[in-house]
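All remarks here apply to the structure that follows.
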Amino acid sequence: NRTALFYDQLAQGNVSLLLRRVEISDEGSFTCFVRVRDYSSAAVTLQVAAPYSKPNMNLEPNKDLKPGDLAAVTCHASRGYPEASVLWQDSQGGNITENITTSQVANEEGLFDVHSVLQVLVEPSSTYSCLVRNPVLQQETQASVTITGQHLAFPAVALWVTVGLAICVVGLLAVLAYVCQKKIRQSCEEEEENAGTEEQDEEGEEPKTALQPLKSAESK
């Protein structure tokens, strides 16, 4: 039994109905009839809501894609009520409204499973977000998927081109390093030679200065 009255509080005017384990089928209007001298009644509407799970997203196919290929981004959220509104957004947060197919199916409990598919043209590093909103609870759950390098095919030609460029760059750097080192070595050797020449010049000038007085003495 999922219903009960508060019998010990009826004398105080509490004629509330306790409803346990609420189900989707409980949604609707409830009318309370009370008779003291005359009959009187009041009605209340019960609205049932259940939050949706966090969306699960996938990219199909999820590998060997090339830029410009057609791919499907799927979004699935489950066990919510009532029917949800689904919104797709791109990398910049802009709303996507085209090439979308959404279906919502109720299970045996009356809860909905949402399945939405977005058809896109593959662009590297593109991000797509799926937002599932419960209109009654004002609850919003979302998830995203990004097309990364692991989803893309890498052609053999491109691989060899990349390897060749890498080898060329390494070789160029090695040549530059060798040339720079050689120039530095030559510069150091030239400085050492210039320093040695200056020392010899200074040593050769000193005797000439010392002999000048002797020559003037002999001439006298």
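Chain labels run A, B, ... following the order of the structure tokens; each chain numbers its residues from 1, and ligands are numbered from 1 in the order shown.
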
Excluding stretch 44-58 of chain A and residues on its chain fewer than 6 positions from it, collect all residues at most 7 Å away from it, counting only C-alpha atoms, and give them as a PyMOL selection string. chain A and resi 24+27-31+73-82+134+136-137+139+141-145

Please save C-alpha atoms of the selected residues as a short mmCIF file (atom, residue, chain, number, x, y, z; two decimals), in the first residue's frame.
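In the end it all went to part.cif:
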```
data_model
loop_
_atom_site.label_atom_id
_atom_site.label_comp_id
_atom_site.auth_asym_id
_atom_site.auth_seq_id
_atom_site.Cartn_x
_atom_site.Cartn_y
_atom_site.Cartn_z
CA ILE A 24 4.84 8.19 -13.36
CA GLU A 27 0.75 12.14 -12.17
CA GLY A 28 -2.57 13.94 -12.44
CA SER A 29 -5.29 15.63 -10.41
CA PHE A 30 -6.19 14.59 -6.84
CA THR A 31 -9.48 15.76 -5.29
CA VAL A 73 28.14 12.44 -33.04
CA THR A 74 25.72 10.53 -30.79
CA CYS A 75 24.29 11.66 -27.46
CA HIS A 76 22.37 9.38 -25.09
CA ALA A 77 20.73 10.22 -21.74
CA SER A 78 18.40 7.94 -19.82
CA ARG A 79 15.70 7.55 -17.14
CA GLY A 80 14.27 11.04 -17.14
CA TYR A 81 10.75 12.46 -17.09
CA PRO A 82 9.05 14.25 -18.78
CA ASN A 134 14.43 18.70 -18.04
CA VAL A 136 10.04 20.69 -15.11
CA LEU A 137 13.10 20.45 -12.86
CA GLN A 139 17.84 20.56 -14.74
CA THR A 141 23.15 17.99 -18.02
CA GLN A 142 25.74 18.11 -20.75
CA ALA A 143 28.74 16.33 -22.23
CA SER A 144 31.22 17.08 -25.02
CA VAL A 145 33.33 15.23 -27.56
#
```

Could you pull out all residues of stretch 14-169 of chain A with a DSSP call of helix (DSSP H, G or I) and give them as a PyMOL selection string? chain A and resi 24-26+149-151+156-169

Shell around stretch 119-123 of chain A at 8 Å using only C-alpha atoms, local window under 3 positions removed, as JSON, numbers by chain: {"A": [65, 66, 67, 68, 69, 70, 71, 72, 73, 99, 100, 126, 147]}

Could the residues in this selection be written to a file with C-alpha atoms, as a PDB file, in the first residue's frame?
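Done, and the output landed in result-v3.pdb:
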```pdb
ATOM      1  CA  LEU A  65      38.702   9.764 -40.310  1.00  0.00           C
ATOM      2  CA  LYS A  66      39.924  12.418 -42.724  1.00  0.00           C
ATOM      3  CA  PRO A  67      39.052  16.124 -42.787  1.00  0.00           C
ATOM      4  CA  GLY A  68      35.830  16.548 -44.749  1.00  0.00           C
ATOM      5  CA  ASP A  69      34.513  13.052 -43.978  1.00  0.00           C
ATOM      6  CA  LEU A  70      30.938  12.674 -42.733  1.00  0.00           C
ATOM      7  CA  ALA A  71      30.686  11.456 -39.130  1.00  0.00           C
ATOM      8  CA  ALA A  72      27.920  11.025 -36.566  1.00  0.00           C
ATOM      9  CA  VAL A  73      28.140  12.439 -33.041  1.00  0.00           C
ATOM     10  CA  ASN A  99      21.367  17.715 -39.383  1.00  0.00           C
ATOM     11  CA  ILE A 100      20.015  16.556 -36.005  1.00  0.00           C
ATOM     12  CA  SER A 126      36.356  20.522 -33.330  1.00  0.00           C
ATOM     13  CA  ILE A 147      37.766  15.276 -32.667  1.00  0.00           C
TER      14      ILE A 147
END
```

Find the residues near stretch 5-16 of chain A: any atom within 12 Å, counting only C-alpha atoms, skip ones fewer than 6 places away on the same chain, and give them as a ChimeraX atom specification. /A:30-36,41-44

Atom pair atom CA of A:Leu152 / atom CA of A:Ser91: separation (Å):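 Going from atom CA of A:Leu152 over to atom CA of A:Ser91, I get 18.1 Å.
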
Residues at most 10 Å from A:Ser85, counting only C-alpha atoms, excluding those fewer than 6 positions away in the same chain, as a PyMOL selection string? chain A and resi 102+104+114+131-135+140

Output file for the residues above (N, CA and C atoms, as a PDB file, in the first residue's frame):
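Result written to selection39.pdb:
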```pdb
ATOM      1  N   THR A 102      16.548  13.340 -33.292  1.00  0.00           N
ATOM      2  CA  THR A 102      16.371  13.042 -31.869  1.00  0.00           C
ATOM      3  C   THR A 102      15.147  12.158 -31.670  1.00  0.00           C
ATOM      4  N   GLN A 104      12.909   9.940 -28.470  1.00  0.00           N
ATOM      5  CA  GLN A 104      12.716   9.732 -27.035  1.00  0.00           C
ATOM      6  C   GLN A 104      11.714   8.597 -26.856  1.00  0.00           C
ATOM      7  N   VAL A 114      16.669   9.254 -24.085  1.00  0.00           N
ATOM      8  CA  VAL A 114      16.840  10.206 -25.182  1.00  0.00           C
ATOM      9  C   VAL A 114      18.047   9.800 -26.015  1.00  0.00           C
ATOM     10  N   LEU A 131      23.443  19.107 -24.790  1.00  0.00           N
ATOM     11  CA  LEU A 131      22.805  19.541 -23.553  1.00  0.00           C
ATOM     12  C   LEU A 131      21.400  18.951 -23.488  1.00  0.00           C
ATOM     13  N   VAL A 132      21.115  18.242 -22.402  1.00  0.00           N
ATOM     14  CA  VAL A 132      19.803  17.626 -22.193  1.00  0.00           C
ATOM     15  C   VAL A 132      19.133  18.346 -21.030  1.00  0.00           C
ATOM     16  N   ARG A 133      17.961  18.927 -21.287  1.00  0.00           N
ATOM     17  CA  ARG A 133      17.306  19.773 -20.287  1.00  0.00           C
ATOM     18  C   ARG A 133      15.949  19.207 -19.899  1.00  0.00           C
ATOM     19  N   ASN A 134      15.721  19.112 -18.565  1.00  0.00           N
ATOM     20  CA  ASN A 134      14.426  18.701 -18.039  1.00  0.00           C
ATOM     21  C   ASN A 134      13.590  19.955 -17.813  1.00  0.00           C
ATOM     22  N   PRO A 135      12.485  20.131 -18.540  1.00  0.00           N
ATOM     23  CA  PRO A 135      11.730  21.382 -18.454  1.00  0.00           C
ATOM     24  C   PRO A 135      11.030  21.608 -17.122  1.00  0.00           C
ATOM     25  N   GLU A 140      19.767  20.689 -16.185  1.00  0.00           N
ATOM     26  CA  GLU A 140      20.478  20.613 -17.462  1.00  0.00           C
ATOM     27  C   GLU A 140      21.764  19.818 -17.275  1.00  0.00           C
TER      28      GLU A 140
END
```

How far is it from atom CA of A:Cys130 to atom CA of A:Glu83, in Å with one decimal?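 We find that atom CA of A:Cys130 and atom CA of A:Glu83 lie 15.6 Å from each other.
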
To one decimal place in Å, what is the distance between atom CA of A:Thr97 and atom CA of A:Lys63?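 Going from atom CA of A:Thr97 over to atom CA of A:Lys63 covers 25.5 Å.
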
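Ranking A:Gly171, A:Gly164, A:Gly94, A:Gly149 by their shortest atom-to-atom distance to A:Pro124, with only C-alpha atoms included, puts A:Gly149 first.
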
Could you go through stretch 21-62 of chain A and tell me which residues DSSP, when run on the backbone, assigns to strand (DSSP E or B), listing them as an MDAnalysis selection string? chainID A and resid 28:35 39:46 50 56:60
